[in-house]
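In what follows, a structure is listed as structure tokens, so that the remarks can point back to it.
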Amino acid sequence: MTDSTVLSVDDLTVTVGTRRGPVRAVAGVSWQVRQGETFALVGESGSGKSMTLLAATGLAPRAATVTGRVRLLGTELTALPDDRRRKVRGRHVGFVFQDPMTSLNPVLPVGRQVTEAAEEHLGLTRRAARDRAVELLELVGIPSAARRVDAYPHQFSGGMRQRVAIAMALACEPDLLIADEPTTALDVTTQAQIIELVADLQARLGTAVVWVTHDLGVVAGIADTVAVMYGGRIVEQGPVDAVFDTPTHPYTRALLAARPDPSRRGEDLVAIPGSPPSPLDLPPGCAFWPRCPVRADPRCEHELPPLTPVGDGHTVRTFYRGEAG
Ligand SMILES: Nc1ncnc2c1ncn2[C@@H]1O[C@H](COP(=O)(O)OP(=O)(O)OP(=O)(O)O)[C@@H](O)[C@H]1O
């Protein structure tokens with residue numbers, strides 16, 4: 001861990017007790033994000049992206065057992081009692097979710113909501129909080145912010161509501177912004193505006209960003225580092241250029257092949273045949289084996305491949321070492 005490390009996740013495992021038995025949602029996941037860096041977590045639905053972030057920030061459901069170590073700005077979050085962890089998280093981490101209404105209260109004016117956390121964590125007075133709310137709404141590009149500070153969430157469009165949610169997430173000047181599929185529910189133009197807004201704010205404020213997405217196009221555009229998750233594990237991780245230029249895990253290669261590419265408009269997409277594994281019934285070896293078009297090594301079926309370095313900061317969990325790229 002270097003001095004500029006904001007969040008460091010070490011061997012994180014999350015098992016959720018369900019009526020059908022324990023579900024191992026996340027298994028032995030490790031990664032770090034540094035100041036000003038954008039770290040992208042990608043993978044199909046159910047691969048464990050959201051649970052990784054919830055557990056890393058102490059928000060896993062009650063039924064979950066979390067092991068491993070998480071440090072935020074050098075403080076070991078996993079060792080803190082709940083109330084202290086809540087305080088540290090509230091002060092240093094901002095969250096933006098897919099649906100802005102997850103964070104917004106429909107019956108409170110947006111200005112009050114934007115600075116509620118700042119009032120608690122930074123001790124702002126009501127008057128200073130209102131000024132700060134206007135400032136934050138201007139920062140995220142809400143037109144006529146001074147007037148709209150008293151408006152309610154339903155008086156904003158979806159894209160504007162997401163801007164309000166971003167303003168709210170930034171109110172305590174967090175060191176880390178967690179953006180969990182914040183553009184999925186928006187139309188393409190608004191998506192691009194929100195992505196640009198976060199990148200611009202990050203450049204100005206130096207915030208570290210963890211961006212959860214299914215969209216590899218977004219990753220290519222904004223991330224410095226990417227981790228690809230499958231069946232609760234990171235199967236490939238590294239600098240975005242390295243992972244995109246020389247993808248090594250057959251799953252990463254399949255995801256990249258399936259991605260819509262504007263330069264290949266008109267061509268059929270290659271969907272990955274089959275569906276992700278049930279976390280109740282994970283294969284003993286590589287979780288991608290049942291869908292893998294390569295099946296390069298007989299060990300893949302029964303033996304979990306170790307995470308192996310294949311380049312500078314680029315690691316992969318596969319026995320496959322075939323032609324890359
Ligand atoms: N509260 C819960 N109780 C039981 N199992 C859960 C719970 N939340 C998530 N899971 C299981 O944990 C696994 C990982 O879920 P998670 O939401 O982290 O995936 P994801 O990659 O974020 O998917 P998506 O892209 O759809 O949000 C899934 O198999 C899911 O069924």
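Ordered as shown in the structure tokens, chains take letters A, B, and onward, while each chain numbers its residues from 1 and ligands are numbered from 1 in the order shown.
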
Q: Would you mind listing what lies within 9 Å of stretch 4-15 of chain A as a ChimeraX atom specification, with only C-alpha atoms counted and same-chain residues fewer than 6 positions away left out?
A: /A:22-36,51-52,55-56,60,63-74,175-176,208,232

Chain A near ligand 1 within 6 Å: what's each residue's closest atom pair and its distance in Å to one decimal, counting only C-alpha atoms and all ligand atoms, ordered by chain then ascending residue number, as JSON lines?
```
{"residue": "A:Val16", "atom": "CA", "partner": "ligand 1", "partner_atom_place_in_ligand_line": "4 (C)", "distance": 5.3}
{"residue": "A:Thr18", "atom": "CA", "partner": "ligand 1", "partner_atom_place_in_ligand_line": "4 (C)", "distance": 5.8}
{"residue": "A:Ala25", "atom": "CA", "partner": "ligand 1", "partner_atom_place_in_ligand_line": "12 (O)", "distance": 4.0}
{"residue": "A:Glu44", "atom": "CA", "partner": "ligand 1", "partner_atom_place_in_ligand_line": "25 (O)", "distance": 5.8}
{"residue": "A:Ser45", "atom": "CA", "partner": "ligand 1", "partner_atom_place_in_ligand_line": "26 (O)", "distance": 3.5}
{"residue": "A:Gly46", "atom": "CA", "partner": "ligand 1", "partner_atom_place_in_ligand_line": "19 (O)", "distance": 3.4}
{"residue": "A:Ser47", "atom": "CA", "partner": "ligand 1", "partner_atom_place_in_ligand_line": "21 (O)", "distance": 3.8}
{"residue": "A:Gly48", "atom": "CA", "partner": "ligand 1", "partner_atom_place_in_ligand_line": "18 (O)", "distance": 3.2}
{"residue": "A:Lys49", "atom": "CA", "partner": "ligand 1", "partner_atom_place_in_ligand_line": "21 (O)", "distance": 3.9}
{"residue": "A:Ser50", "atom": "CA", "partner": "ligand 1", "partner_atom_place_in_ligand_line": "22 (O)", "distance": 3.6}
{"residue": "A:Met51", "atom": "CA", "partner": "ligand 1", "partner_atom_place_in_ligand_line": "18 (O)", "distance": 3.6}
{"residue": "A:Pro61", "atom": "CA", "partner": "ligand 1", "partner_atom_place_in_ligand_line": "1 (N)", "distance": 5.8}
{"residue": "A:Pro279", "atom": "CA", "partner": "ligand 1", "partner_atom_place_in_ligand_line": "29 (O)", "distance": 5.1}
```

Q: Find the residues near A:Gly159: any atom within 7 Å, counting only C-alpha atoms, skip ones fewer than 3 places away on the same chain, and give them as a list in words.
A: Gln162, Arg163, Leu186 and Thr190 of chain A

Q) Do you know which residues are at most 7 Å from A:Ala169 counting only C-alpha atoms, after dropping those on the same chain fewer than 4 positions away, and could you put them as a PyMOL selection string? A) chain A and resi 94-96+165

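In terms of minimum interatomic distance to A:Pro293, A:Arg253 ranks closest within A:Arg86, A:Arg321, A:Arg253, A:Arg259, counting only C-alpha atoms.
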
Q | All strand (DSSP E or B) residues (DSSP, backbone) inside stretch 222-279 of chain A, as a ChimeraX atom specification | A | /A:225-230,233-239

Tell me which protein, DNA and RNA residues are within 12 Å of A:Pro143, counting only C-alpha atoms, leaving out same-chain ones fewer than 5 positions away, and put them as an mmCIF file with N, CA and C atoms, in the first residue's frame.
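Saved result, selection-v2.cif, follows:
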```cif
data_model
loop_
_atom_site.group_PDB
_atom_site.id
_atom_site.type_symbol
_atom_site.label_atom_id
_atom_site.label_comp_id
_atom_site.auth_asym_id
_atom_site.auth_seq_id
_atom_site.Cartn_x
_atom_site.Cartn_y
_atom_site.Cartn_z
ATOM 1 N N VAL A 134 -26.260 25.203 -2.949
ATOM 2 C CA VAL A 134 -26.317 25.918 -4.230
ATOM 3 C C VAL A 134 -24.993 25.726 -4.977
ATOM 4 N N GLU A 135 -23.899 25.868 -4.232
ATOM 5 C CA GLU A 135 -22.559 25.710 -4.815
ATOM 6 C C GLU A 135 -22.400 24.315 -5.436
ATOM 7 N N LEU A 136 -22.841 23.302 -4.695
ATOM 8 C CA LEU A 136 -22.703 21.921 -5.181
ATOM 9 C C LEU A 136 -23.586 21.663 -6.394
ATOM 10 N N LEU A 137 -24.806 22.219 -6.373
ATOM 11 C CA LEU A 137 -25.706 22.021 -7.518
ATOM 12 C C LEU A 137 -25.127 22.712 -8.753
ATOM 13 N N GLU A 138 -24.472 23.866 -8.534
ATOM 14 C CA GLU A 138 -23.813 24.537 -9.668
ATOM 15 C C GLU A 138 -22.657 23.681 -10.170
ATOM 16 N N ARG A 148 -33.435 26.413 -7.888
ATOM 17 C CA ARG A 148 -33.894 25.012 -7.870
ATOM 18 C C ARG A 148 -33.509 24.277 -6.585
ATOM 19 N N VAL A 149 -32.764 24.944 -5.727
ATOM 20 C CA VAL A 149 -32.337 24.321 -4.479
ATOM 21 C C VAL A 149 -33.542 23.914 -3.620
ATOM 22 N N PHE A 156 -37.245 17.168 -11.317
ATOM 23 C CA PHE A 156 -36.030 17.070 -12.146
ATOM 24 C C PHE A 156 -36.152 15.894 -13.109
ATOM 25 N N MET A 160 -30.882 14.931 -14.513
ATOM 26 C CA MET A 160 -30.673 15.988 -13.512
ATOM 27 C C MET A 160 -30.719 15.402 -12.103
ATOM 28 N N ARG A 163 -27.487 14.035 -11.372
ATOM 29 C CA ARG A 163 -26.547 15.107 -11.026
ATOM 30 C C ARG A 163 -26.732 15.506 -9.563
ATOM 31 N N VAL A 164 -27.996 15.578 -9.124
ATOM 32 C CA VAL A 164 -28.269 15.919 -7.721
ATOM 33 C C VAL A 164 -27.651 14.845 -6.804
#
```

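Residue nearest A:Ile222, chosen from A:Gln113, A:Gln237, A:Gln202, A:Thr318 and counting only C-alpha atoms: A:Gln202.
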
Q.
as number ranges by chain, please: the residues near A:Asp99 (cut-off 10 Å, only C-alpha atoms, same-chain neighbours under 5 positions excluded).
A. A: 104, 158, 161-162, 165, 180-186

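Of note, atom CA of A:Gly123 and atom CA of A:Ala146 are spaced 21.8 Å apart.
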
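Residue nearest A:Ala227 within the list A:Leu139, A:Leu201, A:Leu80, A:Val42: A:Val42 [criterion: smallest interatomic distance, only C-alpha atoms].
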
Q.
Need the shell around A:Ala220: protein/DNA/RNA residues with any atom at most 8 Å away, counting only C-alpha atoms. Skip same-chain ones fewer than 3 positions apart. Format as a list of chain:residue names?
A. A:Leu216, A:Gly217, A:Ala223, A:Val240, A:Phe244
